[in-house]
Amino acid sequence: MRQRIAVVGSGPAGLTFARVLHRHGCSAAVLERDPAPDARPPGGTLDLHEGLGQLALDKAGLLAEFRALSRPEGQAMRILDTDGTVLRDWRPGPDDRANPEIDRGHLRDLLLGPLDVRWGRAVTRVEPGTRDGVLVHFADGRQEAFDLVVGADGAWSRVRPAVSPVTPHYTGVTLVETSLDDVDTRHPDLARLIGDGSVAVYGVNRALVAQRNSGGHVKVYAQFRAPLDWHRNLDPAGTGGVLSSLLALFDGWAAPVLDLLRRGTAFVPRPLHVLPVSHTWAHVPGVTLLGDAAHLMPPLGAGANLAMLEGAELAESLAAGPGDPDETVRAFEERMWARAGRWAEITTAGLERLVSPDPAEALALFDRVNQAQPS
């Protein structure tokens, strides 16, 4: 395969795509706006599903290394009532590897391996159909031509406008993230509350979720229905104002639950946006999308898994040859749209039930998901 290929974005989708190509003796230029791998916090933890993210890692030849890094115990899930009563306390079996957790930073480093990422290469737009191929424009004024550009650059993709005019819309749900460090030593009571995996508390149109990462780090997420500009008058640097607003939203909840917020170190509002459930586009030769750039959906465990499998499948198809690479991409898009559409419906309905006027909806969803996982 002699095509000039670029993938924009060094998240799970872009790195899996490049790593599977590399395994097949092919290469792609990975274009990333961040100046270095550790330029910003990598985020929380991901659960990688056997038939999705783990399958992608298997295609990359990295499944054994993933299993050594992952945390099967992180699959544990505890659900509390707002008064602190334990409603569910699910723990995985000793051999349960259906959805083990891995920190995003560990996954990134695993996928990076031998890849040569062009750090600090911020893409501003992509121009298909030029005489030299697909022209990538960079923030520093430079340009470079490729035969295929794969947009794996997330929710606010700079590649997406080359194939689709659609932009993400607000779901009506805002998430505020905070963190606890060295939880087992500094906050042993909260460590016991959270357990080995996650704890979730569901109320009327709001929820509080705490999830273990490795090294005693915990991510805490307050979720609630609010206007998009809910946080506009709050100073993100002044944690007191954000905390007092959150505590007012969760007024009356059990003190140990509220301590997940009170002991937080910083608060970051994240309004949840999505693309339409059935987002597709008229095929554009030389450009395609993966992951959130193609099908941004509520963060309920499917997005990164789909993104990684898409990257692996597209890379395998391109490396297989012979054949028309453009027809290969067109066929891939059809498969991606069908699968992503099913998951977008599932996660959209899931968000409605998890942040619902009736907290019993969240509990019923938990019970149903524990009985059967869609594929």
# chains A, B, ... in the order shown; residues from 1 in each chain; ligands from 1

$ closest_atom_pairs --of "stretch 209-252 of chain A" --to "stretch 346-368 of chain A" --cutoff "12 Å" --atoms "only C-alpha atoms" --output "CSV"
residue,atom,partner,partner_atom,distance
A:Val209,CA,A:Leu354,CA,10.9
A:Ala222,CA,A:Val355,CA,10.6
A:Gln223,CA,A:Val355,CA,7.3
A:Phe224,CA,A:Val355,CA,6.6
A:Arg225,CA,A:Val355,CA,7.3
A:Ala226,CA,A:Val355,CA,11.1

$ select_by_dssp --residues "stretch 170-267 of chain A" --states "helix (DSSP H, G or I)" --output "NGL selection string"
:A and (183-186 or 188-194 or 239-249 or 255-262)

$ residues_around --residues "A:Phe146" --least-positions-apart "4" --cutoff "8 Å" --atoms "only C-alpha atoms" --output "tab-separated table (two decimals) with N, CA, C and O atoms, in the first residue's frame"
chain	number	residue	atom	x	y	z
A	3	GLN	N	-0.31	4.46	-0.44
A	3	GLN	CA	-1.06	5.68	-0.20
A	3	GLN	C	-0.41	6.55	0.87
A	3	GLN	O	0.17	6.04	1.82
A	4	ARG	N	-0.56	7.86	0.68
A	4	ARG	CA	-0.17	8.81	1.73
A	4	ARG	C	-1.38	8.97	2.65
A	4	ARG	O	-2.40	9.52	2.24
A	5	ILE	N	-1.26	8.49	3.88
A	5	ILE	CA	-2.39	8.48	4.80
A	5	ILE	C	-2.05	9.32	6.03
A	5	ILE	O	-0.95	9.23	6.57
A	6	ALA	N	-3.02	10.12	6.45
A	6	ALA	CA	-2.89	10.88	7.70
A	6	ALA	C	-4.10	10.60	8.56
A	6	ALA	O	-5.22	10.47	8.06
A	132	ASP	N	-3.45	17.85	-5.87
A	132	ASP	CA	-2.45	17.00	-5.21
A	132	ASP	C	-3.07	15.97	-4.27
A	132	ASP	O	-2.35	15.19	-3.65
A	133	GLY	N	-4.37	15.97	-4.13
A	133	GLY	CA	-5.05	15.06	-3.22
A	133	GLY	C	-5.83	15.84	-2.18
A	133	GLY	O	-6.42	16.89	-2.49
A	134	VAL	N	-5.85	15.36	-0.95
A	134	VAL	CA	-6.56	16.03	0.14
A	134	VAL	C	-5.55	16.94	0.85
A	134	VAL	O	-4.52	16.47	1.35
A	135	LEU	N	-5.85	18.22	0.88
A	135	LEU	CA	-4.91	19.19	1.44
A	135	LEU	C	-5.27	19.46	2.90
A	135	LEU	O	-6.40	19.84	3.22
A	136	VAL	N	-4.30	19.25	3.79
A	136	VAL	CA	-4.48	19.51	5.21
A	136	VAL	C	-3.85	20.86	5.53
A	136	VAL	O	-2.67	21.09	5.24

$ residues_around --residues "A:Phe17" --least-positions-apart "4" --cutoff "8 Å" --atoms "only C-alpha atoms" --output "list in words"
Val7, Ala13, Leu21, Met308, Glu310, Gly311, Ala312, Glu313, Leu314 and Ala315 of chain A

$ closest_residue --among "A:His295, A:Asp140, A:Ala68, A:Ala307" --to "A:Ser164" --atoms "only C-alpha atoms"
A:His295

$ residues_around --residues "stretch 104-111 of chain A" --least-positions-apart "5" --cutoff "8 Å" --atoms "only C-alpha atoms" --output "tab-separated table (two decimals) with N, CA and C atoms, in the first residue's frame"
chain	number	residue	atom	x	y	z
A	11	GLY	N	-6.10	10.23	19.91
A	11	GLY	CA	-6.92	9.55	20.90
A	11	GLY	C	-6.98	8.07	20.60
A	12	PRO	N	-7.86	7.32	21.30
A	12	PRO	CA	-7.94	5.88	21.08
A	12	PRO	C	-8.21	5.49	19.63
A	15	LEU	N	-4.93	6.40	17.30
A	15	LEU	CA	-3.77	5.57	17.61
A	15	LEU	C	-4.02	4.10	17.26
A	16	THR	N	-5.24	3.61	17.49
A	16	THR	CA	-5.53	2.22	17.11
A	16	THR	C	-5.42	2.04	15.61
A	19	ARG	N	-1.75	2.08	14.75
A	19	ARG	CA	-1.03	0.93	15.28
A	19	ARG	C	-1.34	-0.34	14.49
A	42	PRO	N	-4.73	13.12	30.79
A	42	PRO	CA	-5.28	12.20	29.79
A	42	PRO	C	-6.75	11.85	30.01
A	43	GLY	N	-7.32	12.21	31.17
A	43	GLY	CA	-8.71	11.86	31.45
A	43	GLY	C	-8.79	10.68	32.40
A	44	GLY	N	-10.00	10.14	32.52
A	44	GLY	CA	-10.26	9.10	33.50
A	44	GLY	C	-9.97	7.71	33.01
A	45	THR	N	-10.87	6.80	33.32
A	45	THR	CA	-10.67	5.38	33.02
A	45	THR	C	-11.70	4.91	32.00
A	46	LEU	N	-11.36	3.89	31.26
A	46	LEU	CA	-12.23	3.33	30.23
A	46	LEU	C	-12.46	1.85	30.50
A	62	LEU	N	-2.00	-6.34	20.84
A	62	LEU	CA	-1.70	-5.76	22.14
A	62	LEU	C	-2.59	-6.30	23.26
A	65	GLU	N	-0.76	-7.41	26.51
A	65	GLU	CA	-0.24	-6.27	27.26
A	65	GLU	C	-1.37	-5.51	27.94
A	66	PHE	N	-2.50	-5.40	27.26
A	66	PHE	CA	-3.66	-4.75	27.87
A	66	PHE	C	-4.09	-5.49	29.13
A	69	LEU	N	-2.14	-4.65	32.11
A	69	LEU	CA	-2.33	-3.29	32.61
A	69	LEU	C	-3.72	-3.03	33.18

$ closest_residue --among "A:Gly323, A:Glu316, A:Ser10, A:Gln143" --to "A:Ala56" --atoms "only C-alpha atoms"
A:Glu316

$ residues_around --residues "A:Arg262" --least-positions-apart "2" --cutoff "12 Å" --atoms "only C-alpha atoms" --output "PyMOL selection string"
chain A and resi 178-180+187+190+220+222+239-248+250+255-260+264-267

$ write_last_selection --atoms "N, CA, C and O atoms" --output "CSV table (one decimal), in the first residue's frame"
chain,number,residue,atom,x,y,z
A,178,THR,N,-14.7,16.4,39.2
A,178,THR,CA,-13.7,16.7,40.2
A,178,THR,C,-12.9,15.4,40.6
A,178,THR,O,-13.2,14.4,40.0
A,179,SER,N,-11.9,15.6,41.4
A,179,SER,CA,-11.0,14.4,41.6
A,179,SER,C,-10.7,14.3,43.1
A,179,SER,O,-10.7,15.3,43.9
A,180,LEU,N,-10.3,13.1,43.5
A,180,LEU,CA,-9.8,12.8,44.8
A,180,LEU,C,-8.4,12.0,44.6
A,180,LEU,O,-8.4,11.1,43.8
A,187,HIS,N,-8.5,9.5,52.3
A,187,HIS,CA,-10.0,9.5,52.4
A,187,HIS,C,-10.5,8.0,52.6
A,187,HIS,O,-11.2,7.5,51.7
A,190,LEU,N,-14.2,7.3,52.1
A,190,LEU,CA,-14.7,7.4,50.8
A,190,LEU,C,-14.2,6.2,49.9
A,190,LEU,O,-14.9,5.7,49.0
A,220,VAL,N,-14.8,12.0,40.2
A,220,VAL,CA,-16.1,12.2,40.7
A,220,VAL,C,-16.9,13.0,39.6
A,220,VAL,O,-16.4,14.1,39.2
A,222,ALA,N,-20.6,14.9,38.9
A,222,ALA,CA,-21.9,15.3,39.2
A,222,ALA,C,-22.7,15.5,37.9
A,222,ALA,O,-22.1,16.2,37.0
A,239,THR,N,-13.1,27.4,43.4
A,239,THR,CA,-13.9,26.2,43.6
A,239,THR,C,-15.0,26.4,44.6
A,239,THR,O,-16.0,25.6,44.6
A,240,GLY,N,-15.0,27.3,45.5
A,240,GLY,CA,-16.0,27.5,46.5
A,240,GLY,C,-17.4,27.8,45.8
A,240,GLY,O,-18.4,27.3,46.2
A,241,GLY,N,-17.4,28.7,44.8
A,241,GLY,CA,-18.6,29.0,44.1
A,241,GLY,C,-19.2,27.8,43.4
A,241,GLY,O,-20.5,27.6,43.5
A,242,VAL,N,-18.4,27.0,42.7
A,242,VAL,CA,-18.9,25.9,42.0
A,242,VAL,C,-19.4,24.8,43.0
A,242,VAL,O,-20.5,24.2,42.9
A,243,LEU,N,-18.6,24.6,44.1
A,243,LEU,CA,-19.0,23.6,45.1
A,243,LEU,C,-20.3,24.0,45.8
A,243,LEU,O,-21.2,23.1,46.0
A,244,SER,N,-20.5,25.2,46.2
A,244,SER,CA,-21.7,25.6,46.8
A,244,SER,C,-22.9,25.5,45.9
A,244,SER,O,-24.0,25.1,46.3
A,245,SER,N,-22.7,25.7,44.6
A,245,SER,CA,-23.8,25.5,43.6
A,245,SER,C,-24.2,24.1,43.5
A,245,SER,O,-25.3,23.7,43.4
A,246,LEU,N,-23.1,23.2,43.5
A,246,LEU,CA,-23.4,21.8,43.4
A,246,LEU,C,-24.1,21.2,44.7
A,246,LEU,O,-25.0,20.5,44.6
A,247,LEU,N,-23.6,21.7,45.8
A,247,LEU,CA,-24.2,21.2,47.1
A,247,LEU,C,-25.7,21.7,47.2
A,247,LEU,O,-26.5,20.9,47.7
A,248,ALA,N,-26.0,22.8,46.6
A,248,ALA,CA,-27.4,23.2,46.6
A,248,ALA,C,-28.2,22.3,45.7
A,248,ALA,O,-29.4,22.0,46.0
A,250,PHE,N,-27.7,19.2,45.1
A,250,PHE,CA,-27.8,17.9,45.8
A,250,PHE,C,-28.2,18.0,47.2
A,250,PHE,O,-27.9,17.1,48.0
A,255,ALA,N,-24.7,12.7,53.9
A,255,ALA,CA,-23.4,13.4,54.1
A,255,ALA,C,-22.2,12.7,53.5
A,255,ALA,O,-21.4,13.3,52.8
A,256,PRO,N,-22.1,11.3,53.6
A,256,PRO,CA,-21.0,10.6,53.0
A,256,PRO,C,-21.0,10.8,51.5
A,256,PRO,O,-19.9,10.8,50.9
A,257,VAL,N,-22.2,10.8,50.9
A,257,VAL,CA,-22.2,11.0,49.4
A,257,VAL,C,-21.8,12.4,49.0
A,257,VAL,O,-21.0,12.6,48.1
A,258,LEU,N,-22.2,13.4,49.8
A,258,LEU,CA,-21.8,14.8,49.5
A,258,LEU,C,-20.3,15.0,49.7
A,258,LEU,O,-19.7,15.9,49.1
A,259,ASP,N,-19.7,14.2,50.6
A,259,ASP,CA,-18.3,14.3,50.8
A,259,ASP,C,-17.5,14.0,49.6
A,259,ASP,O,-16.4,14.5,49.4
A,260,LEU,N,-18.1,13.3,48.6
A,260,LEU,CA,-17.4,13.0,47.4
A,260,LEU,C,-17.2,14.4,46.6
A,260,LEU,O,-16.2,14.5,45.9
A,264,GLY,N,-13.4,17.4,46.9
A,264,GLY,CA,-12.9,17.5,45.5
A,264,GLY,C,-11.8,18.6,45.4
A,264,GLY,O,-11.9,19.6,46.2
A,265,THR,N,-10.9,18.4,44.5
A,265,THR,CA,-9.8,19.4,44.4
A,265,THR,C,-10.0,20.5,43.4
A,265,THR,O,-9.4,21.6,43.5
A,266,ALA,N,-10.8,20.3,42.4
A,266,ALA,CA,-11.1,21.3,41.4
A,266,ALA,C,-12.3,20.8,40.7
A,266,ALA,O,-12.7,19.6,40.7
A,267,PHE,N,-13.0,21.7,40.0
A,267,PHE,CA,-14.3,21.4,39.4
A,267,PHE,C,-14.3,21.9,37.9
A,267,PHE,O,-14.1,23.1,37.7

$ closest_residue --among "A:Met297, A:Leu289, A:Val201, A:Leu115" --to "A:Tyr170" --atoms "only C-alpha atoms"
A:Met297

$ residues_around --residues "stretch 156-158 of chain A" --least-positions-apart "3" --cutoff "6 Å" --atoms "only C-alpha atoms" --output "list of chain:residue names"
A:Thr124, A:Arg125, A:Asp153, A:Ala293

$ write_last_selection --atoms "C-alpha atoms" --output "PDB file, in the first residue's frame"
ATOM      1  CA  THR A 124      -7.512  23.904  11.043  1.00  0.00           C
ATOM      2  CA  ARG A 125      -9.300  22.433   8.027  1.00  0.00           C
ATOM      3  CA  ASP A 153     -10.199  14.432  16.268  1.00  0.00           C
ATOM      4  CA  ALA A 293     -15.862  12.864  15.051  1.00  0.00           C
TER       5      ALA A 293
END

$ atom_distance --atom1 "atom CA of A:Val159" --atom2 "atom CA of A:Val123"
8.1 Å

$ closest_residue --among "A:Asp96, A:Val8, A:Asp58, A:Glu177" --to "A:His137" --atoms "only C-alpha atoms"
A:Val8

$ atom_distance --atom1 "atom CA of A:Ile194" --atom2 "atom CA of A:Ala64"
28.1 Å

$ atom_distance --atom1 "atom CA of A:Pro161" --atom2 "atom CA of A:Phe138"
15.1 Å

$ closest_residue --among "A:Gly195, A:Gly84, A:Gly151, A:Gly301" --to "A:Val30" --atoms "only C-alpha atoms"
A:Gly151

$ closest_residue --among "A:Leu309, A:Ala344, A:Arg131, A:Leu249" --to "A:Gly203" --atoms "only C-alpha atoms"
A:Leu249

$ decode --residues "stretch 171-184 of chain A" --atoms "all heavy atoms" --output "PDB file, in the first residue's frame"
ATOM      1  N   THR A 171     -27.259  18.110  25.046  1.00  0.00           N
ATOM      2  CA  THR A 171     -28.244  17.109  25.470  1.00  0.00           C
ATOM      3  C   THR A 171     -29.198  17.606  26.539  1.00  0.00           C
ATOM      4  O   THR A 171     -30.219  16.963  26.818  1.00  0.00           O
ATOM      5  CB  THR A 171     -27.529  15.878  26.049  1.00  0.00           C
ATOM      6  OG1 THR A 171     -26.766  16.291  27.205  1.00  0.00           O
ATOM      7  CG2 THR A 171     -26.619  15.227  25.028  1.00  0.00           C
ATOM      8  N   GLY A 172     -28.862  18.719  27.184  1.00  0.00           N
ATOM      9  CA  GLY A 172     -29.630  19.165  28.342  1.00  0.00           C
ATOM     10  C   GLY A 172     -29.030  18.693  29.650  1.00  0.00           C
ATOM     11  O   GLY A 172     -29.494  19.073  30.727  1.00  0.00           O
ATOM     12  N   VAL A 173     -27.991  17.865  29.570  1.00  0.00           N
ATOM     13  CA  VAL A 173     -27.321  17.342  30.769  1.00  0.00           C
ATOM     14  C   VAL A 173     -25.912  17.919  30.848  1.00  0.00           C
ATOM     15  O   VAL A 173     -25.160  17.884  29.869  1.00  0.00           O
ATOM     16  CB  VAL A 173     -27.261  15.801  30.754  1.00  0.00           C
ATOM     17  CG1 VAL A 173     -26.443  15.281  31.940  1.00  0.00           C
ATOM     18  CG2 VAL A 173     -28.666  15.210  30.773  1.00  0.00           C
ATOM     19  N   THR A 174     -25.570  18.445  32.008  1.00  0.00           N
ATOM     20  CA  THR A 174     -24.215  18.941  32.271  1.00  0.00           C
ATOM     21  C   THR A 174     -23.546  18.026  33.289  1.00  0.00           C
ATOM     22  O   THR A 174     -24.187  17.517  34.210  1.00  0.00           O
ATOM     23  CB  THR A 174     -24.254  20.384  32.793  1.00  0.00           C
ATOM     24  OG1 THR A 174     -24.500  21.266  31.696  1.00  0.00           O
ATOM     25  CG2 THR A 174     -22.934  20.788  33.438  1.00  0.00           C
ATOM     26  N   LEU A 175     -22.282  17.833  33.105  1.00  0.00           N
ATOM     27  CA  LEU A 175     -21.463  17.028  34.005  1.00  0.00           C
ATOM     28  C   LEU A 175     -20.397  17.947  34.599  1.00  0.00           C
ATOM     29  O   LEU A 175     -19.800  18.750  33.875  1.00  0.00           O
ATOM     30  CB  LEU A 175     -20.842  15.889  33.215  1.00  0.00           C
ATOM     31  CG  LEU A 175     -19.914  14.878  33.869  1.00  0.00           C
ATOM     32  CD1 LEU A 175     -19.998  13.553  33.104  1.00  0.00           C
ATOM     33  CD2 LEU A 175     -18.470  15.367  33.824  1.00  0.00           C
ATOM     34  N   VAL A 176     -20.186  17.863  35.892  1.00  0.00           N
ATOM     35  CA  VAL A 176     -19.089  18.590  36.541  1.00  0.00           C
ATOM     36  C   VAL A 176     -18.140  17.556  37.139  1.00  0.00           C
ATOM     37  O   VAL A 176     -18.553  16.707  37.935  1.00  0.00           O
ATOM     38  CB  VAL A 176     -19.584  19.559  37.623  1.00  0.00           C
ATOM     39  CG1 VAL A 176     -18.397  20.235  38.308  1.00  0.00           C
ATOM     40  CG2 VAL A 176     -20.503  20.604  37.022  1.00  0.00           C
ATOM     41  N   GLU A 177     -16.885  17.633  36.739  1.00  0.00           N
ATOM     42  CA  GLU A 177     -15.886  16.650  37.151  1.00  0.00           C
ATOM     43  C   GLU A 177     -14.997  17.216  38.255  1.00  0.00           C
ATOM     44  O   GLU A 177     -14.563  18.369  38.193  1.00  0.00           O
ATOM     45  CB  GLU A 177     -15.025  16.266  35.952  1.00  0.00           C
ATOM     46  CG  GLU A 177     -13.872  15.336  36.257  1.00  0.00           C
ATOM     47  CD  GLU A 177     -12.968  15.139  35.047  1.00  0.00           C
ATOM     48  OE1 GLU A 177     -13.488  14.932  33.931  1.00  0.00           O
ATOM     49  OE2 GLU A 177     -11.738  15.208  35.228  1.00  0.00           O
ATOM     50  N   THR A 178     -14.726  16.385  39.250  1.00  0.00           N
ATOM     51  CA  THR A 178     -13.722  16.713  40.250  1.00  0.00           C
ATOM     52  C   THR A 178     -12.930  15.450  40.553  1.00  0.00           C
ATOM     53  O   THR A 178     -13.225  14.379  40.005  1.00  0.00           O
ATOM     54  CB  THR A 178     -14.351  17.321  41.523  1.00  0.00           C
ATOM     55  OG1 THR A 178     -13.314  17.812  42.377  1.00  0.00           O
ATOM     56  CG2 THR A 178     -15.200  16.314  42.272  1.00  0.00           C
ATOM     57  N   SER A 179     -11.919  15.551  41.405  1.00  0.00           N
ATOM     58  CA  SER A 179     -11.019  14.424  41.643  1.00  0.00           C
ATOM     59  C   SER A 179     -10.664  14.296  43.118  1.00  0.00           C
ATOM     60  O   SER A 179     -10.670  15.285  43.865  1.00  0.00           O
ATOM     61  CB  SER A 179      -9.716  14.587  40.841  1.00  0.00           C
ATOM     62  OG  SER A 179      -9.980  14.653  39.460  1.00  0.00           O
ATOM     63  N   LEU A 180     -10.320  13.074  43.498  1.00  0.00           N
ATOM     64  CA  LEU A 180      -9.757  12.777  44.812  1.00  0.00           C
ATOM     65  C   LEU A 180      -8.447  12.042  44.587  1.00  0.00           C
ATOM     66  O   LEU A 180      -8.394  11.106  43.784  1.00  0.00           O
ATOM     67  CB  LEU A 180     -10.705  11.894  45.625  1.00  0.00           C
ATOM     68  CG  LEU A 180     -12.131  12.397  45.840  1.00  0.00           C
ATOM     69  CD1 LEU A 180     -12.993  11.293  46.428  1.00  0.00           C
ATOM     70  CD2 LEU A 180     -12.127  13.615  46.761  1.00  0.00           C
ATOM     71  N   ASP A 181      -7.407  12.453  45.278  1.00  0.00           N
ATOM     72  CA  ASP A 181      -6.098  11.807  45.133  1.00  0.00           C
ATOM     73  C   ASP A 181      -5.744  11.018  46.386  1.00  0.00           C
ATOM     74  O   ASP A 181      -6.126  11.387  47.504  1.00  0.00           O
ATOM     75  CB  ASP A 181      -5.013  12.848  44.850  1.00  0.00           C
ATOM     76  CG  ASP A 181      -5.136  13.423  43.448  1.00  0.00           C
ATOM     77  OD1 ASP A 181      -5.299  12.636  42.501  1.00  0.00           O
ATOM     78  OD2 ASP A 181      -5.086  14.665  43.312  1.00  0.00           O
ATOM     79  N   ASP A 182      -5.002   9.923  46.164  1.00  0.00           N
ATOM     80  CA  ASP A 182      -4.512   9.096  47.272  1.00  0.00           C
ATOM     81  C   ASP A 182      -5.665   8.744  48.212  1.00  0.00           C
ATOM     82  O   ASP A 182      -5.576   8.888  49.428  1.00  0.00           O
ATOM     83  CB  ASP A 182      -3.410   9.858  48.021  1.00  0.00           C
ATOM     84  CG  ASP A 182      -2.557   8.937  48.878  1.00  0.00           C
ATOM     85  OD1 ASP A 182      -2.666   7.707  48.709  1.00  0.00           O
ATOM     86  OD2 ASP A 182      -1.813   9.453  49.738  1.00  0.00           O
ATOM     87  N   VAL A 183      -6.756   8.269  47.607  1.00  0.00           N
ATOM     88  CA  VAL A 183      -8.011   8.117  48.341  1.00  0.00           C
ATOM     89  C   VAL A 183      -7.902   7.113  49.478  1.00  0.00           C
ATOM     90  O   VAL A 183      -8.499   7.304  50.549  1.00  0.00           O
ATOM     91  CB  VAL A 183      -9.152   7.742  47.367  1.00  0.00           C
ATOM     92  CG1 VAL A 183      -8.939   6.350  46.780  1.00  0.00           C
ATOM     93  CG2 VAL A 183     -10.509   7.826  48.046  1.00  0.00           C
ATOM     94  N   ASP A 184      -7.141   6.040  49.299  1.00  0.00           N
ATOM     95  CA  ASP A 184      -7.080   5.006  50.328  1.00  0.00           C
ATOM     96  C   ASP A 184      -6.386   5.499  51.596  1.00  0.00           C
ATOM     97  O   ASP A 184      -6.712   5.058  52.697  1.00  0.00           O
ATOM     98  CB  ASP A 184      -6.362   3.768  49.786  1.00  0.00           C
ATOM     99  CG  ASP A 184      -7.103   3.158  48.615  1.00  0.00           C
ATOM    100  OD1 ASP A 184      -8.178   2.595  48.841  1.00  0.00           O
ATOM    101  OD2 ASP A 184      -6.621   3.282  47.471  1.00  0.00           O
TER     102      ASP A 184
END
